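All remarks here apply to the structure that follows.
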Amino acid sequence: MNKRSYLFIVNPASGKGKPLDRLKIIKETMEKEGCMYRIQLTEGVGHAKKLAEEAKEDVIVAVGGDGTINEIANGVKNGNKIIGLLPSGTGNDFVRSLNIPSDPQEALEIILNGKTREINLGIVQDMYFVNVASVGLDAHIADKVTSIKKYITGTKAYIVALIKGLITYKTIQLKLSVDGKLVDINTMLIAFCNGGSYGGGMKIAPMADFNDDLLDICIVSKMKKLKLFILFPSIFKGNHIRYKEVEALRGKEMVLYTNEKVKINIDGEIIEAIENKDGIFIGVSDRKIKLLVR
Ligand SMILES: Nc1ncnc2c1ncn2[C@@H]1O[C@H](COP(=O)(O)OP(=O)(O)OP(=O)(O)O)[C@@H](O)[C@H]1O
């Protein structure tokens, strides 16, 4: 018998309500295994983080998308806790990179009997991220995704938001320090990647590694909108790296300096960066999280 205790944090707002369809199979599987478990539904933004912070269980299972996993990773401060993943979001980029199956029964099998894997966490100012943090066009698009996702699901939601975002977007002038080396950029987009894909399957950093203590950085410099329309679909295959306007770097400690108000996309949720004369810090945290994987 499995001796671990489990808390399932279920976000009913993820993936157009998909998490609620998982309740039956969670209950049946956990009863059959004779495991100690509890299910808690989230009631709004920040609730998954609070539930994870207060949890006494050994394993906290995220039943939602990347936003829910992000909140749980931010809430779980005790290094002994393990995070399980039951994919139920819209994009599910993070779980896909970790090879977690979307079939709930298979994912539950990993939650019960999988291996524990420790991975790096990224950090923006004082907020952790599991997958990707970015500024520029995609934060602008992610803002649009949030509203569009209410009406359209899956990759289609991202594509519609992408087209709307591409039409209305303006570039940002900024300085970026990568491990002490400063570059001046007029940028469409900068993505800081712990995982390799985001936005519903865009392979923004195909070589990213969750365990290398580095973030893969993808910088897309200013270009004509028409060219951007051609370049963007190539991100789904990871072929954007070939364009001269795209630069790939790696770093541990980055700082963004800009006079503009910057929105940051952190695992699909948008925050306004806190203005700070010392810049906006983005890097790899000393803290890691433990996940259940295949
Ligand atoms: N009861 C609720 N009502 C509304 N929003 C909620 C509720 N509980 C949590 N949330 C918020 O829902 C948001 C979206 O969650 P999440 O990212 O997990 O799903 P998703 O957007 O469908 O998936 P993905 O990020 O993989 O595309 C998060 O910002 C979370 O804080």
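Here's how to read the names in the structure tokens: chain A, B, ... by the order shown, residue numbers from 1 in each chain, ligand numbers from 1 in the order shown.
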Next on the checklist: Just want the residues within 10 Å of ligand 1, written as a VMD selection string, counting only C-alpha atoms and all ligand atoms.
Outcome noted: chain A and resid 9 to 19 41 to 49 62 to 71 87 to 96 142 145 to 146 149 to 150 153 to 155 157 to 158 198 to 200 266 to 270
Gly75 of chain A: which residues within 7 Å, counting only C-alpha atoms, same-chain residues fewer than 6 positions away excluded, as a CSV table (one decimal) with C-alpha atoms, in the first residue's frame?
```
chain,number,residue,atom,x,y,z
A,49,LYS,CA,-0.6,28.9,-3.6
A,50,LYS,CA,-2.3,29.3,-0.2
A,52,ALA,CA,-0.1,24.4,-1.0
A,53,GLU,CA,1.5,26.6,1.7
```
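Among A:Lys288, A:Asn265, A:Lys181, A:Lys170, the residue with the shortest atom-to-atom distance to Lys144 of chain A, counting only C-alpha atoms, is A:Asn265.
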Give me, as a short mmCIF file (atom, residue, chain, number, x, y, z; two decimals) with C-alpha atoms, in the first residue's frame, the residues of segment 61-197 of chain A that a backbone DSSP run labels strand (DSSP E or B).
```cif
data_model
loop_
_atom_site.label_atom_id
_atom_site.label_comp_id
_atom_site.auth_asym_id
_atom_site.auth_seq_id
_atom_site.Cartn_x
_atom_site.Cartn_y
_atom_site.Cartn_z
CA VAL A 61 -1.08 17.29 -6.91
CA ALA A 62 -1.78 20.08 -9.39
CA VAL A 63 -5.03 19.40 -11.25
CA GLY A 64 -4.97 22.31 -13.67
CA ILE A 82 6.59 16.43 -3.68
CA ILE A 83 4.46 17.83 -6.49
CA GLY A 84 2.32 15.53 -8.66
CA LEU A 85 0.93 16.58 -12.04
CA LEU A 86 -2.49 15.70 -13.44
CA PRO A 87 -2.58 17.69 -16.70
CA LYS A 115 10.06 8.53 -9.73
CA THR A 116 10.93 11.75 -7.92
CA ARG A 117 12.82 14.29 -10.02
CA GLU A 118 14.23 17.56 -8.73
CA ILE A 119 14.18 20.48 -11.15
CA ASN A 120 15.34 24.10 -11.16
CA LEU A 121 12.98 26.98 -10.53
CA GLY A 122 13.28 30.31 -12.28
CA ILE A 123 12.67 33.53 -10.36
CA VAL A 124 11.42 36.97 -11.44
CA MET A 127 8.07 35.18 -7.83
CA TYR A 128 9.09 31.69 -8.91
CA PHE A 129 8.36 30.20 -12.30
CA VAL A 132 8.96 30.32 -18.97
CA ALA A 133 9.00 34.02 -18.04
CA SER A 134 8.91 36.53 -20.86
CA VAL A 135 8.50 40.17 -21.76
CA GLY A 136 7.26 41.79 -24.94
CA ILE A 172 10.31 47.73 -26.18
CA GLN A 173 13.67 49.52 -25.81
CA LEU A 174 15.70 48.02 -22.99
CA LYS A 175 19.08 46.99 -21.65
CA LEU A 176 19.63 43.40 -20.59
CA SER A 177 22.44 42.21 -18.40
CA VAL A 178 23.28 38.49 -18.76
CA LYS A 181 27.38 41.42 -19.75
CA LEU A 182 25.16 44.30 -20.89
CA VAL A 183 23.34 44.44 -24.23
CA ASP A 184 21.12 47.17 -25.68
CA ILE A 185 18.03 45.85 -27.43
CA ASN A 186 15.01 47.13 -29.27
CA THR A 187 13.03 43.96 -28.81
CA MET A 188 9.87 42.24 -29.87
CA LEU A 189 10.27 39.54 -27.26
CA ILE A 190 12.64 38.11 -24.68
CA ALA A 191 11.86 34.70 -23.17
CA PHE A 192 13.72 33.26 -20.17
CA CYS A 193 13.23 29.52 -20.33
#
```
Checklist outcome for this item: Across A:Pro206, A:Gly34, A:Gly201, A:Gly238, the smallest distance to Ser5 of chain A, with only C-alpha atoms counted, is shown by A:Gly34
Next on the checklist: Could you check the closest approach to Leu166 of chain A for each of A:Tyr151, A:Glu253, A:Asp216, A:Leu226 and tell me which residue wins, using only C-alpha atoms?
Outcome noted: A:Leu226
Item to check | Spatial neighbours of Ile271 of chain A, 10 Å, only C-alpha atoms, chain gap at least 4 places, as an NGL selection string | outcome: :A and (139 or 143 or 262-266)
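Separating atom CA of Glu54 of chain A from atom CA of Lys27 of chain A is a distance of 21.8 Å.
Residue nearest Tyr6 of chain A, chosen from A:Glu245, A:Asp286, A:Glu260, A:Glu33 and counting only C-alpha atoms: A:Glu33.
A straight line drawn from atom CA of Arg250 of chain A to atom CA of Lys224 of chain A is 26.0 Å long.
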Next on the checklist: With only C-alpha atoms as the counted atoms, please give the residues lying no more than 9 Å from Phe236 of chain A, apart from itself and same-chain residues fewer than 4 positions off, as a ChimeraX atom specification.
Outcome noted: /A:197,200-204,232,240
Let me see the file: selected residues, C-alpha atoms, as a CSV table (one decimal), in the first residue's frame.
```csv
chain,number,residue,atom,x,y,z
A,197,SER,CA,8.0,25.2,-24.9
A,200,GLY,CA,0.4,25.8,-26.3
A,201,GLY,CA,3.4,24.1,-28.0
A,202,MET,CA,5.7,26.9,-29.2
A,203,LYS,CA,9.3,25.5,-28.9
A,204,ILE,CA,10.8,28.8,-27.9
A,232,PHE,CA,6.2,33.2,-35.6
A,240,HIS,CA,13.0,30.5,-35.4
```
Item to check | helix (DSSP H, G or I) per DSSP on the backbone: members of segment 38-210 of chain A, as a PyMOL selection string | outcome: chain A and resi 47-54+66-75+93-97+104-113+137-148+154-168
